[in-house]
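Heads up: the structure comes next, in structure tokens.
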Amino acid sequence: MSMKSWQNQRGFLFLKEERCKGCGFCIDLCPKKVLRQSEVMNAKGYHPPELYDVEGCIMCDICTEICPDFAIYRYRSKERGKNA
Amino acid sequence: MVPQEHPLEQLLRSDRMPHIWCPGCGLGTDLGCYLRALSGMDLDKVAFVSGIGCSGRAAGYVAVDSFHVTHGRGIPFAIGLKVANPELTVTVWGGDGDIFAIGGNHFIHAARRNIELNVICINNAIYGMTGGQVAPSTPLRAKTTTTPYGNYEHPFNFSYMAAASGATYVARWTTAHTKELTKSMREALEWKGFSFIEVISMCPTTFGRRNGFADGLEMLKDMKARSEVKNFPDLEDTDIGEKIVVGKFVEKEKRSYLEEVKQWR
């Protein structure tokens, strides 16, 4: 299964492209509006999201919680409010 | 060390993914909330029961002991599980058609007995899997395949019905309230008594497109805009209309069925 990942100083954002059904929840609910629909198409013919502003992502977990397909998720390398 | 897997992967049957639910359906998000509420619990002591319908498919996706039973009979099956093995935490997962249309009587009697079950009803206001027929929760004047000129039946208020039947924990949230829903589900899982959570969800495929919504996202935003958080409101005022009253509705002490059984045994 193809997996995409983006990394910034706060952590990692992973995307299992083949699970995505292109509902657009993550793109719309992202508080920083750093996701957008990508040009690529997965096996089912949906356009998964992509993180176009990597540094803008604050690893807040909202996309993970709202994603109905368990496709997008983040790993925070340090906890909020704590210095690494 | 960076974990490459989804945080809920341990609780999901990954080989079954992607699931069958349509793009824009709220069931996946609700299941995610349930799994998040479940994390940290002893999974050998959790049983998951679901009935028939789109929501019934959930039993095939959770990696705990799960049972997919006949239509509307999730609650009686779960009562059997709970009485035979009181150590189990039993969840009944169902849609509005499953729990309240065909299984309505089972529901009110389980609530009356205050048996320690955790019933989660995903209310999407329609019979989704069979093609969009009118359900007991379909709002007045909504268009469905069987009411093409608008629904003329008044809908049920499930949370009010649960409270009236004697449920000791009742909450209502929408799919948009993921954090509150997760917290509520956790409380319900740990609740000693009959707990009921109504999740107002969306079905863009059979309900949304006949009622002026372009997709699931539009329904989600509409739902969020219409909801109003009110804890312990007057249940008479919680009918789903222009406003959707959400929050914790009932939380009361009452001896559970198993405690009563133990007393006389």
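Convention: chains lettered A, B, ... in structure tokens order; per-chain residue numbering from 1; ligands numbered from 1 as shown.
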
- 6 Å contacts from chain B to chain A using only C-alpha atoms, as number ranges by chain: B: 18, 23-24, 28-29

- Task: Apply DSSP to the structure's backbone, then extract all residues of chain A labelled strand (DSSP E or B) and return them as a PyMOL selection string.
- Result: chain A and resi 3-8+11-16+35-37+49-51+72-76

- For Ser256 of chain B, list every protein, DNA or RNA residue within 6 Å, evaluated using only C-alpha atoms, and leave out those in the same chain fewer than 5 positions away; present the list as a PyMOL selection string. chain B and resi 114-115+193

Residues from last step as file, C-alpha atoms, as an mmCIF file, in the first residue's frame:
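Resulting contents of out_35.cif:
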```cif
data_model
loop_
_atom_site.group_PDB
_atom_site.id
_atom_site.type_symbol
_atom_site.label_atom_id
_atom_site.label_comp_id
_atom_site.auth_asym_id
_atom_site.auth_seq_id
_atom_site.Cartn_x
_atom_site.Cartn_y
_atom_site.Cartn_z
ATOM 1 C CA ASN B 114 -31.080 -0.852 33.207
ATOM 2 C CA ILE B 115 -28.802 -3.629 32.025
ATOM 3 C CA GLY B 193 -25.997 0.766 33.826
#
```

- Can you list, as a VMD selection string, every protein, DNA or RNA residue that comes within 12 Å of Thr178 of chain B when you count only C-alpha atoms, leaving out same-chain residues fewer than 5 positions away? (chain A and resid 29 61 to 68) or (chain B and resid 26 to 37 172 to 173 183 to 185 199 to 201 220 224)

Write the selection just made, keeping C-alpha atoms, as a short mmCIF file (atom, residue, chain, number, x, y, z; two decimals), in the first residue's frame?
```cif
data_model
loop_
_atom_site.label_atom_id
_atom_site.label_comp_id
_atom_site.auth_asym_id
_atom_site.auth_seq_id
_atom_site.Cartn_x
_atom_site.Cartn_y
_atom_site.Cartn_z
CA LEU A 29 -11.56 21.26 8.63
CA ASP A 61 -4.73 15.82 15.01
CA ILE A 62 -7.98 17.25 13.62
CA CYS A 63 -7.56 15.55 10.24
CA THR A 64 -6.81 12.24 11.99
CA GLU A 65 -9.97 12.49 14.06
CA ILE A 66 -12.31 13.48 11.26
CA CYS A 67 -10.95 11.14 8.56
CA PRO A 68 -13.62 8.45 8.08
CA GLY B 26 -20.12 9.76 8.96
CA LEU B 27 -19.84 6.14 10.07
CA GLY B 28 -16.07 5.95 9.63
CA THR B 29 -15.52 9.02 11.80
CA ASP B 30 -17.90 7.69 14.46
CA LEU B 31 -16.13 4.33 14.47
CA GLY B 32 -12.81 6.16 14.81
CA CYS B 33 -14.19 7.99 17.87
CA TYR B 34 -15.32 4.69 19.37
CA LEU B 35 -11.94 3.08 18.80
CA ARG B 36 -10.22 6.08 20.36
CA ALA B 37 -12.50 5.75 23.37
CA ARG B 172 -26.34 13.12 21.90
CA TRP B 173 -23.56 14.40 19.66
CA LYS B 183 -15.18 11.50 25.68
CA SER B 184 -18.84 10.60 25.91
CA MET B 185 -18.20 7.12 24.49
CA VAL B 199 -24.82 10.20 17.08
CA ILE B 200 -26.41 12.45 14.48
CA SER B 201 -24.64 11.46 11.30
CA LEU B 220 -21.24 18.00 8.15
CA LYS B 224 -22.19 21.71 13.02
#
```

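Put simply, atom CA of Gln7 of chain A is 25.5 Å away from atom CA of Leu11 of chain B.
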
- Task: Have a look at atom CA of Gly74 of chain B and atom CA of Pro139 of chain B and let me know their distance in Å, one decimal.
- Result: 24.9 Å

- Message: So that I can check the surroundings of segment 49-58 of chain A, please list as a PyMOL selection string every protein, DNA and RNA residue that reaches within 7 Å of it, counting only C-alpha atoms and ignoring chain neighbours fewer than 4 positions away.
- Response: chain A and resi 6+8+10+27+32+34-38

Residues just named, written with N, CA and C atoms as a PDB file, in the first residue's frame:
```pdb
ATOM      1  N   TRP A   6       5.081  13.472   5.228  1.00  0.00           N
ATOM      2  CA  TRP A   6       5.702  14.779   5.229  1.00  0.00           C
ATOM      3  C   TRP A   6       6.279  14.993   6.617  1.00  0.00           C
ATOM      4  N   ASN A   8       8.025  17.885   9.347  1.00  0.00           N
ATOM      5  CA  ASN A   8       8.539  19.187   9.728  1.00  0.00           C
ATOM      6  C   ASN A   8       9.069  19.076  11.150  1.00  0.00           C
ATOM      7  N   ARG A  10       7.813  19.722  13.873  1.00  0.00           N
ATOM      8  CA  ARG A  10       6.858  19.297  14.903  1.00  0.00           C
ATOM      9  C   ARG A  10       6.574  17.803  14.857  1.00  0.00           C
ATOM     10  N   ILE A  27      -9.372  18.486   4.376  1.00  0.00           N
ATOM     11  CA  ILE A  27      -8.991  19.728   3.691  1.00  0.00           C
ATOM     12  C   ILE A  27      -9.793  20.898   4.245  1.00  0.00           C
ATOM     13  N   LYS A  32      -5.377  25.335   9.811  1.00  0.00           N
ATOM     14  CA  LYS A  32      -4.332  26.141   9.169  1.00  0.00           C
ATOM     15  C   LYS A  32      -4.471  26.164   7.658  1.00  0.00           C
ATOM     16  N   VAL A  34      -3.664  23.987   5.356  1.00  0.00           N
ATOM     17  CA  VAL A  34      -2.414  23.627   4.691  1.00  0.00           C
ATOM     18  C   VAL A  34      -2.548  22.382   3.808  1.00  0.00           C
ATOM     19  N   LEU A  35      -3.767  21.849   3.744  1.00  0.00           N
ATOM     20  CA  LEU A  35      -3.985  20.684   2.881  1.00  0.00           C
ATOM     21  C   LEU A  35      -4.734  21.125   1.626  1.00  0.00           C
ATOM     22  N   ARG A  36      -4.539  20.400   0.553  1.00  0.00           N
ATOM     23  CA  ARG A  36      -5.324  20.653  -0.664  1.00  0.00           C
ATOM     24  C   ARG A  36      -5.465  19.346  -1.443  1.00  0.00           C
ATOM     25  N   GLN A  37      -6.404  19.360  -2.367  1.00  0.00           N
ATOM     26  CA  GLN A  37      -6.609  18.169  -3.174  1.00  0.00           C
ATOM     27  C   GLN A  37      -5.450  18.028  -4.146  1.00  0.00           C
ATOM     28  N   SER A  38      -4.898  16.830  -4.241  1.00  0.00           N
ATOM     29  CA  SER A  38      -3.741  16.666  -5.119  1.00  0.00           C
ATOM     30  C   SER A  38      -4.177  16.308  -6.534  1.00  0.00           C
TER      31      SER A  38
END
```
